[in-house]
file protein.txt (compact mmCIF, C-alpha atoms and all ligand atoms)
# COMPACT_ATOMS: atom_id res chain seq x y z
CA MET I 1 78.47 92.01 118.67
CA LYS I 2 77.30 95.47 117.58
CA LEU I 3 80.27 97.81 117.69
CA GLU I 4 78.38 100.80 116.40
CA ALA I 5 74.70 100.97 117.21
CA ALA I 6 73.92 103.97 114.98
CA LEU I 7 73.21 103.22 111.34
CA ALA I 8 74.84 105.40 108.70
CA GLU I 9 72.55 107.21 106.29
CA GLN I 10 72.29 105.58 102.86
CA PRO I 11 74.12 107.81 100.35
CA GLN I 12 72.07 108.93 97.35
CA HIS I 13 74.16 107.02 94.80
CA VAL I 14 73.62 103.68 96.61
CA PRO I 15 70.68 101.83 95.03
CA ASP I 16 68.21 100.13 97.44
CA ALA I 17 68.86 96.81 95.69
CA LEU I 18 72.46 96.85 96.92
CA VAL I 19 71.74 97.62 100.59
CA ARG I 20 72.01 94.80 103.15
CA ASP I 21 71.93 94.86 106.95
CA PHE I 22 75.39 93.36 107.41
CA ASP I 23 77.63 93.62 110.48
CA LEU I 24 81.19 92.28 110.08
CA TYR I 25 81.15 91.30 113.77
CA GLY I 26 77.69 89.72 113.69
CA ILE I 27 77.34 88.04 110.30
CA PRO I 28 74.08 86.20 109.56
CA GLY I 29 73.92 82.75 111.17
CA LEU I 30 76.08 83.45 114.25
CA VAL I 31 74.45 82.40 117.53
CA ASP I 32 75.54 84.55 120.50
CA GLY I 33 78.43 85.73 118.31
CA TYR I 34 79.77 82.26 117.46
CA SER I 35 79.48 79.48 114.88
CA ALA I 36 80.85 75.95 114.62
CA ASP I 37 81.81 76.64 110.98
CA ILE I 38 82.57 80.26 110.17
CA HIS I 39 83.66 79.57 106.57
CA ALA I 40 80.29 77.93 105.81
CA LEU I 41 78.56 81.09 107.09
CA TRP I 42 80.81 83.31 104.97
CA LYS I 43 80.02 81.12 101.96
CA GLN I 44 76.30 81.73 102.54
CA VAL I 45 76.96 85.48 102.46
CA GLN I 46 78.77 85.05 99.12
CA ASP I 47 75.99 82.84 97.70
CA SER I 48 72.99 84.89 98.84
CA PHE I 49 74.14 88.55 98.82
CA PRO I 50 75.05 90.65 95.74
CA ASP I 51 78.73 90.41 94.71
CA ILE I 52 79.15 93.96 96.02
CA PHE I 53 76.72 95.47 98.52
CA TRP I 54 76.50 98.42 100.92
CA THR I 55 75.73 98.18 104.64
CA PRO I 56 74.78 101.02 107.01
CA ARG I 57 76.59 99.25 109.91
CA ASN I 58 79.98 100.27 111.32
CA GLY I 59 80.01 103.72 109.74
CA GLY I 60 78.50 102.57 106.42
CA HIS I 61 80.69 100.75 103.90
CA TRP I 62 80.77 98.54 100.81
CA VAL I 63 81.50 94.81 100.94
CA ALA I 64 83.13 92.84 98.08
CA THR I 65 82.80 89.05 98.20
CA ARG I 66 84.22 87.82 94.86
CA HIS I 67 87.81 86.93 93.94
CA ASP I 68 88.24 89.29 91.00
CA ASP I 69 86.88 92.35 92.83
CA ILE I 70 89.00 91.69 95.94
CA LEU I 71 92.03 91.32 93.65
CA THR I 72 91.23 94.72 92.13
CA LEU I 73 91.04 96.26 95.63
CA CYS I 74 94.52 94.90 96.39
CA THR I 75 96.24 95.77 93.13
CA ASP I 76 94.63 98.93 91.75
CA THR I 77 96.40 101.33 94.06
CA ALA I 78 95.53 104.34 91.88
CA ARG I 79 91.88 103.88 92.88
CA PHE I 80 92.12 102.14 96.27
CA SER I 81 94.23 103.26 99.23
CA ASN I 82 95.48 101.22 102.21
CA THR I 83 95.18 104.08 104.68
CA GLU I 84 91.96 102.84 106.35
CA PRO I 85 91.96 99.01 106.25
CA PHE I 86 89.91 98.45 109.42
CA ILE I 87 86.13 98.40 109.91
CA PRO I 88 85.00 100.55 111.63
CA ILE I 89 87.68 103.22 111.18
CA GLY I 90 89.70 103.60 114.39
CA ILE I 91 88.87 100.20 115.93
CA VAL I 92 92.60 99.41 116.24
CA PRO I 93 95.46 101.89 116.43
CA HIS I 94 97.38 102.79 113.27
CA THR I 95 99.54 99.82 112.23
CA GLY I 96 102.22 101.87 110.52
CA PRO I 97 103.67 100.49 107.27
CA SER I 98 100.60 98.42 106.34
CA GLN I 99 98.54 101.63 106.34
CA LEU I 100 100.83 103.60 104.05
CA ASP I 101 100.55 104.11 100.30
CA ALA I 102 103.40 104.83 97.87
CA PRO I 103 105.74 106.66 97.97
CA GLU I 104 106.06 106.16 101.79
CA HIS I 105 105.11 102.48 101.81
CA PRO I 106 108.02 100.86 99.81
CA PRO I 107 110.89 102.09 102.05
CA PHE I 108 109.05 101.03 105.21
CA ARG I 109 108.14 97.68 103.67
CA LYS I 110 111.81 97.15 102.83
CA LEU I 111 112.66 97.80 106.47
CA VAL I 112 110.06 95.34 107.78
CA SER I 113 111.27 92.73 105.29
CA LEU I 114 114.66 92.72 107.08
CA ALA I 115 112.95 90.73 109.87
CA PHE I 116 112.56 87.88 107.38
CA THR I 117 116.17 87.08 106.43
CA PRO I 118 116.85 83.42 105.51
CA ALA I 119 118.90 83.05 108.71
CA SER I 120 116.17 84.40 111.00
CA LEU I 121 113.49 82.35 109.21
CA ASN I 122 115.58 79.21 109.64
CA LYS I 123 116.26 79.87 113.30
CA ALA I 124 112.58 80.64 113.94
CA THR I 125 111.31 77.51 112.21
CA VAL I 126 113.88 75.21 113.84
CA ARG I 127 112.71 76.47 117.25
CA ALA I 128 109.02 76.24 116.22
CA ARG I 129 109.50 72.60 115.21
CA ALA I 130 111.25 71.84 118.49
CA ALA I 131 108.39 73.52 120.41
CA ALA I 132 105.79 71.54 118.41
CA SER I 133 107.64 68.29 119.03
CA ASP I 134 107.92 68.92 122.80
CA ILE I 135 104.24 69.86 123.08
CA ILE I 136 103.17 66.71 121.24
CA ALA I 137 105.40 64.48 123.37
CA ALA I 138 103.80 65.95 126.51
CA LEU I 139 100.21 65.91 125.23
CA ARG I 140 100.04 62.52 123.51
CA PRO I 141 99.77 60.38 126.69
CA GLN I 142 97.04 62.68 128.04
CA GLY I 143 94.51 61.66 125.36
CA ARG I 144 92.93 65.11 125.11
CA CYS I 145 93.71 68.83 124.93
CA ASN I 146 92.37 72.26 124.09
CA PHE I 147 94.14 72.57 120.74
CA MET I 148 93.88 76.38 120.73
CA HIS I 149 95.70 76.81 124.02
CA ASP I 150 97.97 73.80 123.98
CA PHE I 151 99.25 73.82 120.39
CA ALA I 152 97.91 76.38 117.88
CA GLY I 153 98.50 79.28 120.26
CA VAL I 154 102.04 78.31 121.21
CA MET I 155 104.00 77.55 118.02
CA PRO I 156 103.51 80.93 116.21
CA ILE I 157 104.52 82.78 119.37
CA VAL I 158 107.73 80.80 119.77
CA THR I 159 108.40 81.45 116.06
CA PHE I 160 107.83 85.17 116.38
CA LEU I 161 109.97 85.49 119.54
CA ASN I 162 112.88 83.86 117.73
CA LEU I 163 112.28 85.94 114.61
CA LEU I 164 112.67 89.11 116.64
CA GLY I 165 115.42 87.76 118.91
CA MET I 166 113.37 87.67 122.12
CA PRO I 167 113.47 85.06 124.91
CA GLU I 168 110.97 82.21 124.66
CA THR I 169 110.05 82.70 128.33
CA GLU I 170 107.82 85.57 127.12
CA ALA I 171 105.53 83.08 125.29
CA PRO I 172 102.77 82.59 127.93
CA TYR I 173 102.35 86.35 128.49
CA LEU I 174 102.26 87.07 124.76
CA ARG I 175 99.76 84.32 124.06
CA ASP I 176 97.42 85.78 126.64
CA LEU I 177 97.94 89.29 125.27
CA ALA I 178 97.28 88.17 121.67
CA GLU I 179 94.00 86.59 122.76
CA ARG I 180 92.89 89.79 124.52
CA MET I 181 93.81 91.96 121.49
CA VAL I 182 91.30 90.42 119.06
CA PRO I 183 89.34 93.46 117.78
CA GLY I 184 85.71 93.41 118.83
CA GLN I 185 86.38 91.47 122.08
CA PRO I 186 85.65 93.34 125.32
CA GLY I 187 88.89 94.89 126.61
CA ALA I 188 90.60 94.77 123.20
CA GLN I 189 91.38 98.51 123.17
CA ASP I 190 93.13 98.23 126.57
CA ALA I 191 95.09 95.19 125.36
CA TRP I 192 96.31 97.17 122.30
CA GLY I 193 97.49 99.91 124.68
CA GLU I 194 99.26 97.30 126.79
CA ALA I 195 100.94 95.86 123.65
CA GLY I 196 102.10 99.36 122.72
CA ASP I 197 103.70 99.85 126.17
CA TYR I 198 105.28 96.40 126.00
CA ILE I 199 106.87 97.09 122.60
CA ALA I 200 108.08 100.55 123.67
CA ALA I 201 109.83 98.95 126.69
CA LEU I 202 111.32 96.28 124.43
CA ILE I 203 112.77 98.91 122.11
CA ARG I 204 114.24 100.84 125.07
CA GLU I 205 115.82 97.63 126.33
CA HIS I 206 117.42 96.94 122.92
CA GLN I 207 118.61 100.56 122.73
CA ALA I 208 120.43 100.07 126.05
CA ASN I 209 121.73 96.57 125.22
CA PRO I 210 121.91 96.18 121.44
CA GLY I 211 122.35 92.67 120.02
CA ASP I 212 122.41 90.97 116.65
CA ASP I 213 118.65 91.01 116.11
CA PHE I 214 115.86 92.79 114.24
CA ILE I 215 114.82 95.17 117.03
CA SER I 216 118.44 96.28 117.63
CA MET I 217 118.79 96.89 113.89
CA LEU I 218 115.64 99.04 113.96
CA VAL I 219 117.09 101.30 116.63
CA HIS I 220 119.66 102.57 114.12
CA ALA I 221 117.66 102.06 110.91
CA GLN I 222 116.93 104.92 108.53
CA VAL I 223 114.12 105.49 106.03
CA MET I 224 114.22 108.05 103.24
CA GLY I 225 117.57 109.34 104.58
CA ARG I 226 116.43 110.00 108.17
CA ASP I 227 116.16 108.18 111.51
CA LEU I 228 112.86 106.53 112.40
CA THR I 229 110.71 108.35 114.94
CA PRO I 230 109.95 106.41 118.16
CA THR I 231 106.36 105.89 116.94
CA GLU I 232 107.55 104.54 113.60
CA ARG I 233 109.91 102.07 115.32
CA GLN I 234 107.08 100.93 117.52
CA ASN I 235 104.70 100.54 114.57
CA VAL I 236 107.19 98.40 112.64
CA VAL I 237 107.58 95.97 115.56
CA GLN I 238 103.85 96.00 116.26
CA LEU I 239 103.10 95.12 112.62
CA VAL I 240 105.29 92.02 112.76
CA VAL I 241 103.66 91.02 116.07
CA THR I 242 100.06 91.55 115.01
CA GLY I 243 100.54 90.26 111.45
CA GLY I 244 102.00 86.96 112.50
CA LEU I 245 100.06 85.74 115.52
CA ASP I 246 96.29 85.47 115.15
CA THR I 247 96.56 84.69 111.44
CA VAL I 248 98.65 81.52 111.88
CA ILE I 249 96.97 80.50 115.15
CA ASN I 250 93.48 80.57 113.65
CA THR I 251 94.39 79.13 110.24
CA THR I 252 95.93 76.10 111.99
CA ALA I 253 92.93 75.74 114.31
CA PHE I 254 90.40 75.94 111.44
CA ALA I 255 92.34 73.26 109.56
CA MET I 256 92.53 71.02 112.64
CA THR I 257 88.76 71.34 113.17
CA HIS I 258 88.15 70.24 109.59
CA PHE I 259 90.55 67.29 109.94
CA ALA I 260 88.97 66.27 113.26
CA ARG I 261 85.60 66.17 111.50
CA ASN I 262 87.08 64.20 108.58
CA PRO I 263 89.29 61.39 109.94
CA ASP I 264 89.82 60.06 106.39
CA LEU I 265 91.73 63.26 105.61
CA GLN I 266 93.95 62.80 108.68
CA ARG I 267 94.72 59.26 107.51
CA GLU I 268 95.37 60.31 103.90
CA LEU I 269 97.79 63.04 104.97
CA ARG I 270 99.52 60.87 107.56
CA GLU I 271 100.15 58.16 104.97
CA ASN I 272 101.14 60.49 102.10
CA PRO I 273 103.64 63.17 103.16
CA GLU I 274 104.21 63.96 99.49
CA LEU I 275 100.81 65.71 99.66
CA TYR I 276 102.05 68.30 102.19
CA ASP I 277 103.00 71.02 99.68
CA GLY I 278 99.48 70.89 98.22
CA ALA I 279 97.94 70.57 101.69
CA VAL I 280 99.70 73.71 102.98
CA ASP I 281 98.39 75.73 100.05
CA GLU I 282 94.94 74.16 100.35
CA ILE I 283 94.82 75.03 104.08
CA THR I 284 95.62 78.67 103.30
CA ARG I 285 92.99 78.71 100.51
CA ARG I 286 90.19 76.95 102.41
CA PHE I 287 90.60 78.53 105.87
CA GLY I 288 91.23 82.24 105.32
CA THR I 289 91.28 84.71 108.18
CA SER I 290 91.64 88.39 107.22
CA ASN I 291 88.79 90.77 106.32
CA LEU I 292 90.38 94.09 105.36
CA ALA I 293 89.19 97.25 103.65
CA ARG I 294 90.45 99.84 101.20
CA LEU I 295 89.56 103.53 101.05
CA THR I 296 88.34 104.66 97.62
CA ARG I 297 90.48 107.53 96.32
CA CYS I 298 88.21 108.83 93.54
CA ASP I 299 84.66 108.43 92.23
CA THR I 300 84.84 105.11 90.41
CA ALA I 301 83.08 101.80 89.69
CA LEU I 302 83.82 98.28 90.88
CA ALA I 303 82.11 95.48 88.93
CA GLY I 304 79.70 98.05 87.55
CA VAL I 305 78.77 99.46 90.98
CA SER I 306 79.30 103.18 91.48
CA ILE I 307 81.51 104.02 94.49
CA LYS I 308 82.39 107.52 95.67
CA ALA I 309 85.74 108.91 96.82
CA GLY I 310 86.22 108.45 100.58
CA GLU I 311 84.03 105.33 100.87
CA GLN I 312 85.46 102.15 102.44
CA VAL I 313 85.23 98.84 100.59
CA LEU I 314 85.67 95.76 102.77
CA GLY I 315 87.19 92.75 101.00
CA ILE I 316 86.25 89.39 102.49
CA PHE I 317 89.65 87.90 101.58
CA PRO I 318 88.75 84.33 102.69
CA LEU I 319 85.89 84.31 100.16
CA ALA I 320 88.25 84.88 97.21
CA GLY I 321 89.46 81.27 97.47
CA LEU I 322 85.92 80.00 98.14
CA ASP I 323 84.61 81.57 94.93
CA GLU I 324 83.49 78.81 92.56
CA ARG I 325 84.23 81.18 89.66
CA VAL I 326 87.95 80.57 90.27
CA ASN I 327 88.05 77.23 92.17
CA PRO I 328 85.59 74.43 91.30
CA ASP I 329 83.88 72.74 94.27
CA PRO I 330 85.48 75.34 96.58
CA MET I 331 84.29 74.02 99.97
CA THR I 332 85.97 70.65 99.43
CA PHE I 333 89.43 70.38 101.00
CA ASP I 334 91.53 68.78 98.27
CA PRO I 335 95.32 68.66 98.62
CA HIS I 336 95.47 67.34 95.01
CA ARG I 337 93.74 70.47 93.64
CA VAL I 338 95.47 71.88 90.55
CA GLY I 339 95.64 75.63 89.75
CA ARG I 340 94.06 76.77 93.00
CA ARG I 341 93.67 80.54 93.45
CA HIS I 342 93.17 82.54 96.61
CA LEU I 343 94.05 85.90 98.17
CA ASN I 344 94.57 84.89 101.77
CA PHE I 345 98.05 86.45 101.75
CA GLY I 346 96.74 89.45 99.82
CA SER I 347 98.16 90.60 96.50
CA GLY I 348 99.93 93.66 95.11
CA PRO I 349 102.22 96.00 97.07
CA HIS I 350 100.96 94.90 100.52
CA THR I 351 101.24 91.14 99.91
CA CYS I 352 101.96 89.39 103.21
CA LEU I 353 105.64 89.60 104.14
CA GLY I 354 105.24 86.62 106.47
CA ALA I 355 103.71 84.25 103.90
CA ARG I 356 106.83 82.13 103.57
CA LEU I 357 107.13 81.83 107.33
CA ALA I 358 103.40 81.10 107.70
CA ARG I 359 103.64 78.29 105.12
CA ARG I 360 106.56 76.79 107.03
CA GLU I 361 104.60 76.92 110.29
CA ILE I 362 101.58 75.23 108.71
CA ARG I 363 103.89 72.57 107.31
CA ILE I 364 105.30 71.97 110.80
CA PHE I 365 101.71 71.44 112.00
CA LEU I 366 101.26 68.77 109.30
CA GLU I 367 104.65 67.12 109.81
CA GLU I 368 104.55 67.11 113.59
CA TRP I 369 100.88 66.95 114.58
CA ILE I 370 99.07 65.24 111.71
CA ALA I 371 101.93 62.83 110.94
CA ARG I 372 102.70 61.86 114.55
CA MET I 373 99.44 62.01 116.47
CA PRO I 374 96.82 59.26 116.45
CA GLU I 375 93.45 60.04 114.90
CA CYS I 376 91.90 63.03 116.71
CA ARG I 377 88.21 63.84 117.14
CA ILE I 378 86.27 66.71 118.70
CA VAL I 379 85.31 65.89 122.30
CA GLU I 380 81.63 64.89 122.40
CA GLY I 381 79.40 67.58 123.84
CA THR I 382 81.84 70.37 122.88
CA SER I 383 81.82 72.49 119.76
CA PRO I 384 84.47 74.82 118.32
CA ARG I 385 83.45 78.46 118.76
CA MET I 386 84.40 80.57 115.75
CA ALA I 387 83.74 84.30 115.34
CA ALA I 388 83.87 86.84 112.50
CA GLY I 389 85.62 90.20 112.49
CA LEU I 390 88.75 91.81 111.08
CA ILE I 391 90.04 88.31 111.35
CA ASN I 392 88.05 85.12 111.69
CA THR I 393 88.94 83.60 115.05
CA MET I 394 88.36 80.52 117.15
CA ARG I 395 88.04 80.34 120.96
CA ASP I 396 88.28 76.67 121.91
CA LEU I 397 88.87 73.34 120.19
CA HIS I 398 88.66 70.38 122.56
CA LEU I 399 90.22 67.29 120.97
CA GLU I 400 90.59 63.70 122.14
CA TRP I 401 92.41 60.60 120.90
CA GLU I 402 93.39 57.14 122.12
CA PRO I 403 96.53 57.65 124.25
CA ALA I 404 99.37 55.35 123.16
C1 LIG K 1 98.29 82.21 107.69
C2 LIG K 1 98.97 83.26 108.10
C3 LIG K 1 98.85 84.66 107.54
C4 LIG K 1 97.84 85.25 106.83
C5 LIG K 1 96.51 84.63 106.41
C6 LIG K 1 98.26 86.61 106.55
C7 LIG K 1 97.51 87.52 105.83
C8 LIG K 1 97.98 88.75 105.40
C9 LIG K 1 97.29 89.62 104.47
C10 LIG K 1 95.95 89.33 103.83
C11 LIG K 1 98.07 90.72 104.29
C12 LIG K 1 97.79 91.88 103.35
C13 LIG K 1 97.07 93.00 104.03
C14 LIG K 1 96.56 94.04 103.04
O1 LIG K 1 96.54 93.81 101.83
O2 LIG K 1 96.14 95.10 103.53
C15 LIG K 1 99.23 90.57 105.15
C16 LIG K 1 100.24 91.51 105.28
C17 LIG K 1 101.28 91.37 106.17
N1 LIG K 1 101.60 90.26 106.92
FE1 LIG K 1 100.61 88.50 106.93
N2 LIG K 1 99.48 86.82 107.12
C18 LIG K 1 99.90 85.66 107.73
C19 LIG K 1 101.08 85.45 108.40
C20 LIG K 1 102.01 86.41 108.68
C21 LIG K 1 103.20 86.24 109.49
C22 LIG K 1 103.62 84.91 110.12
C23 LIG K 1 103.81 87.45 109.56
C24 LIG K 1 105.05 87.85 110.32
C25 LIG K 1 105.59 87.21 111.32
C26 LIG K 1 103.04 88.39 108.76
C27 LIG K 1 103.36 89.71 108.57
C28 LIG K 1 102.71 90.54 107.67
C29 LIG K 1 103.14 91.90 107.40
C30 LIG K 1 104.36 92.60 108.03
C31 LIG K 1 102.24 92.44 106.46
C32 LIG K 1 102.22 93.87 105.90
C33 LIG K 1 102.82 93.97 104.53
C34 LIG K 1 102.67 95.36 103.93
O3 LIG K 1 101.75 96.12 104.29
O4 LIG K 1 103.51 95.72 103.09
N3 LIG K 1 101.94 87.71 108.26
N4 LIG K 1 99.16 89.35 105.79

call {"tool": "encode", "arguments": {"input": "protein.txt", "output": "structure tokens"}}
result
Amino acid sequence: MKLEAALAEQPQHVPDALVRDFDLYGIPGLVDGYSADIHALWKQVQDSFPDIFWTPRNGGHWVATRHDDILTLCTDTARFSNTEPFIPIGIVPHTGPSQLDAPEHPPFRKLVSLAFTPASLNKATVRARAAASDIIAALRPQGRCNFMHDFAGVMPIVTFLNLLGMPETEAPYLRDLAERMVPGQPGAQDAWGEAGDYIAALIREHQANPGDDFISMLVHAQVMGRDLTPTERQNVVQLVVTGGLDTVINTTAFAMTHFARNPDLQRELRENPELYDGAVDEITRRFGTSNLARLTRCDTALAGVSIKAGEQVLGIFPLAGLDERVNPDPMTFDPHRVGRRHLNFGSGPHTCLGARLARREIRIFLEEWIARMPECRIVEGTSPRMAAGLINTMRDLHLEWEPA
């Protein structure tokens, strides 16, 4: 999908050898916008393009594909700012704290982190496990399902509703909204507007009837010695919503696709629960989702390439863990892998605040689905449809198994 038809002019300091016709939303190898294996396509980009290259698409920007350079983007905050993390600029509304630099970022981050108290994490994961268990009990006799709709899309939403202290009856509406909000999809801008209205109403409701939950706490919270503005309150809630849904949904779905194609892996994991710690980390390494940019603050160089102040550099975070310079045989899913490295939860001051929760959710997927379901395969004649963008996403995953 071409979001911006016009090509940006190649700046004088960009050498021809580093220019590639690359569109984040239409990466090479996609057919009608989709692929059956998006990580294999990303790997081809890493293998065949320069480590850092410039594209005239989507406003013109740099792309970094290697672990060490993406790590520099995340950690060298003197040279790289978080203020414009989306390609193209303006495709989604400002997401508040995640788009701030120091000194504003740390106090807001501290505020967001209050959503992740041990008590709220425990409550959220207990409910997520119960939801997973109920779904599996209902699905198992049916012998088939659309994993995206029936499982992957449900558990993170139940988790998030409990994290924020909202009723679980909101789950179907929110799942639909999350699907419509994927940047680059038709109607995504409207869906972001709808999410904004929904969150504003939620905050008003908690103002009128405060409880013992994160949103009620936000109503009275202060940053830097002052009350939050209504927009800031809304942005904080929106960040927790948008940070925690598509990421977990798609990571789980990518992993399930891989397991469905490799029944030996399903068997190995089912028979060896002691592998789950390694498997959770291997899932997050092997099936990354987020492709986020930094704005260069000053004229500088990254891996010897000259970059000017004000230019965006897109980091393909999922490729950091697929870089053979840091992980041998990177495309192989190996729960036994020792010393694995990846950046799928970021690094530095913006490191994912939901990483602990996400790991717990992925573990629930292993403990409930992989451990309890019979061997699953992809329904013949169907194919998972995966797309690239600010996050790598999946539309459908039709699975079948022998009903008990
Ligand atoms: C597999 C699941 C997840 C992945 C791959 C993921 C990925 C990321 C990444 C890469 C960042 C850093 C962004 C940057 O450097 O600009 C981030 C930040 C963040 N994530 Fe996650 N995330 C996941 C799950 C979650 C969950 C479950 C939540 C909350 C419910 C969450 C909330 C956040 C928040 C609030 C931030 C912003 C932190 C800051 O800017 O200080 N994430 N996430």

call {"tool": "residues_near_ligand", "arguments": {"input": "protein.txt", "ligand": "ligand LIG 1 (chain K)", "cutoff": "6 Å", "atoms": "only C-alpha atoms and all ligand atoms", "output": "mmCIF file with C-alpha atoms, in the coordinates of the input"}}
result
data_model
loop_
_atom_site.group_PDB
_atom_site.id
_atom_site.type_symbol
_atom_site.label_atom_id
_atom_site.label_comp_id
_atom_site.auth_asym_id
_atom_site.auth_seq_id
_atom_site.Cartn_x
_atom_site.Cartn_y
_atom_site.Cartn_z
ATOM 1 C CA CYS I 74 94.520 94.900 96.390
ATOM 2 C CA PRO I 97 103.670 100.490 107.270
ATOM 3 C CA SER I 98 100.600 98.420 106.340
ATOM 4 C CA ARG I 109 108.140 97.680 103.670
ATOM 5 C CA PHE I 160 107.830 85.170 116.380
ATOM 6 C CA LEU I 239 103.100 95.120 112.620
ATOM 7 C CA VAL I 240 105.290 92.020 112.760
ATOM 8 C CA GLY I 243 100.540 90.260 111.450
ATOM 9 C CA GLY I 244 102.000 86.960 112.500
ATOM 10 C CA THR I 247 96.560 84.690 111.440
ATOM 11 C CA VAL I 248 98.650 81.520 111.880
ATOM 12 C CA THR I 251 94.390 79.130 110.240
ATOM 13 C CA GLY I 288 91.230 82.240 105.320
ATOM 14 C CA THR I 289 91.280 84.710 108.180
ATOM 15 C CA SER I 290 91.640 88.390 107.220
ATOM 16 C CA ASN I 344 94.570 84.890 101.770
ATOM 17 C CA PHE I 345 98.050 86.450 101.750
ATOM 18 C CA GLY I 346 96.740 89.450 99.820
ATOM 19 C CA HIS I 350 100.960 94.900 100.520
ATOM 20 C CA THR I 351 101.240 91.140 99.910
ATOM 21 C CA CYS I 352 101.960 89.390 103.210
ATOM 22 C CA LEU I 353 105.640 89.600 104.140
ATOM 23 C CA GLY I 354 105.240 86.620 106.470
ATOM 24 C CA ALA I 355 103.710 84.250 103.900
ATOM 25 C CA LEU I 357 107.130 81.830 107.330
ATOM 26 C CA ALA I 358 103.400 81.100 107.700
#

call {"tool": "axis_aligned_box", "arguments": {"input": "protein.txt", "around": "stretch 156-161 of chain I", "padding_each_side": "3 Å", "output": "lines of an AutoDock Vina configuration file"}}
result
center_x = 106.7
center_y = 83.1
center_z = 117.9
size_x = 12.5
size_y = 10.7
size_z = 9.7

call {"tool": "closest_residue", "arguments": {"input": "protein.txt", "among": "I:Leu18, I:Leu275, I:Met331, I:Leu164", "to": "I:Leu41", "atoms": "all atoms listed in the file"}}
result
I:Met331

call {"tool": "atom_distance", "arguments": {"input": "protein.txt", "atom1": "atom CA of I:Ile215", "atom2": "atom CA of I:Thr284"}}
result
28.8 Å

call {"tool": "residues_near_point", "arguments": {"input": "protein.txt", "point": "(106.2, 82.2, 123.1)", "cutoff": "9 Å", "atoms": "all atoms listed in the file", "output": "ChimeraX atom specification"}}
result
/I:153-162,167-175

call {"tool": "atom_distance", "arguments": {"input": "protein.txt", "atom1": "atom CA of I:Thr83", "atom2": "atom CA of I:Glu179"}}
result
25.2 Å

call {"tool": "residues_around", "arguments": {"input": "protein.txt", "residues": "I:Arg57", "least_positions_apart": "6", "cutoff": "7 Å", "atoms": "all atoms listed in the file", "output": "PyMOL selection string"}}
result
chain I and resi 4+7-8+22-23

call {"tool": "write_last_selection", "arguments": {"input": "protein.txt", "atoms": "C-alpha atoms", "output": "short mmCIF file (atom, residue, chain, number, x, y, z; two decimals), keeping the file's coordinate frame"}}
result
data_model
loop_
_atom_site.label_atom_id
_atom_site.label_comp_id
_atom_site.auth_asym_id
_atom_site.auth_seq_id
_atom_site.Cartn_x
_atom_site.Cartn_y
_atom_site.Cartn_z
CA GLU I 4 78.38 100.80 116.40
CA LEU I 7 73.21 103.22 111.34
CA ALA I 8 74.84 105.40 108.70
CA PHE I 22 75.39 93.36 107.41
CA ASP I 23 77.63 93.62 110.48
#

call {"tool": "residues_around", "arguments": {"input": "protein.txt", "residues": "I:Leu322", "least_positions_apart": "4", "cutoff": "9 Å", "atoms": "all atoms listed in the file", "output": "ChimeraX atom specification"}}
result
/I:39,43,46,66-67,285-286,318,326-331,342

call {"tool": "closest_residue", "arguments": {"input": "protein.txt", "among": "I:Ile370, I:Ala188, I:Ala303, I:Ala279", "to": "I:Asp69", "atoms": "only C-alpha atoms"}}
result
I:Ala303

call {"tool": "closest_residue", "arguments": {"input": "protein.txt", "among": "I:Thr296, I:Gln44, I:Gln234, I:Thr125", "to": "I:Leu319", "atoms": "only C-alpha atoms"}}
result
I:Gln44

call {"tool": "residues_around", "arguments": {"input": "protein.txt", "residues": "I:Met224", "least_positions_apart": "5", "cutoff": "9 Å", "atoms": "all atoms listed in the file", "output": "list in words"}}
result
Glu104, Pro107 and Phe108 of chain I

call {"tool": "closest_residue", "arguments": {"input": "protein.txt", "among": "I:Pro141, I:Gly278, I:Pro88, I:Gly196", "to": "I:Pro403", "atoms": "only C-alpha atoms"}}
result
I:Pro141

call {"tool": "closest_residue", "arguments": {"input": "protein.txt", "among": "I:Glu324, I:Gly389, I:Leu228, I:Arg360", "to": "I:Lys123", "atoms": "all atoms listed in the file"}}
result
I:Arg360

call {"tool": "closest_residue", "arguments": {"input": "protein.txt", "among": "I:Phe151, I:Leu73, I:Ile249, I:Gly304", "to": "I:Ile136", "atoms": "all atoms listed in the file"}}
result
I:Phe151

call {"tool": "residues_around", "arguments": {"input": "protein.txt", "residues": "I:Leu314", "least_positions_apart": "3", "cutoff": "9 Å", "atoms": "all atoms listed in the file", "output": "PyMOL selection string"}}
result
chain I and resi 61-65+70+73+85-87+291-295+317

call {"tool": "residues_around", "arguments": {"input": "protein.txt", "residues": "I:Glu268", "least_positions_apart": "2", "cutoff": "12 Å", "atoms": "all atoms listed in the file", "output": "list in words"}}
result
Phe259, Asn262, Pro263, Asp264, Leu265, Gln266, Arg270, Glu271, Asn272, Pro273, Glu274, Leu275, Tyr276, Ala279, Asp334, Pro335, His336, Leu366, Ile370, Ala371 and Glu375 of chain I

call {"tool": "write_last_selection", "arguments": {"input": "protein.txt", "atoms": "C-alpha atoms", "output": "short mmCIF file (atom, residue, chain, number, x, y, z; two decimals), in the coordinates of the input"}}
result
data_model
loop_
_atom_site.label_atom_id
_atom_site.label_comp_id
_atom_site.auth_asym_id
_atom_site.auth_seq_id
_atom_site.Cartn_x
_atom_site.Cartn_y
_atom_site.Cartn_z
CA PHE I 259 90.55 67.29 109.94
CA ASN I 262 87.08 64.20 108.58
CA PRO I 263 89.29 61.39 109.94
CA ASP I 264 89.82 60.06 106.39
CA LEU I 265 91.73 63.26 105.61
CA GLN I 266 93.95 62.80 108.68
CA ARG I 270 99.52 60.87 107.56
CA GLU I 271 100.15 58.16 104.97
CA ASN I 272 101.14 60.49 102.10
CA PRO I 273 103.64 63.17 103.16
CA GLU I 274 104.21 63.96 99.49
CA LEU I 275 100.81 65.71 99.66
CA TYR I 276 102.05 68.30 102.19
CA ALA I 279 97.94 70.57 101.69
CA ASP I 334 91.53 68.78 98.27
CA PRO I 335 95.32 68.66 98.62
CA HIS I 336 95.47 67.34 95.01
CA LEU I 366 101.26 68.77 109.30
CA ILE I 370 99.07 65.24 111.71
CA ALA I 371 101.93 62.83 110.94
CA GLU I 375 93.45 60.04 114.90
#
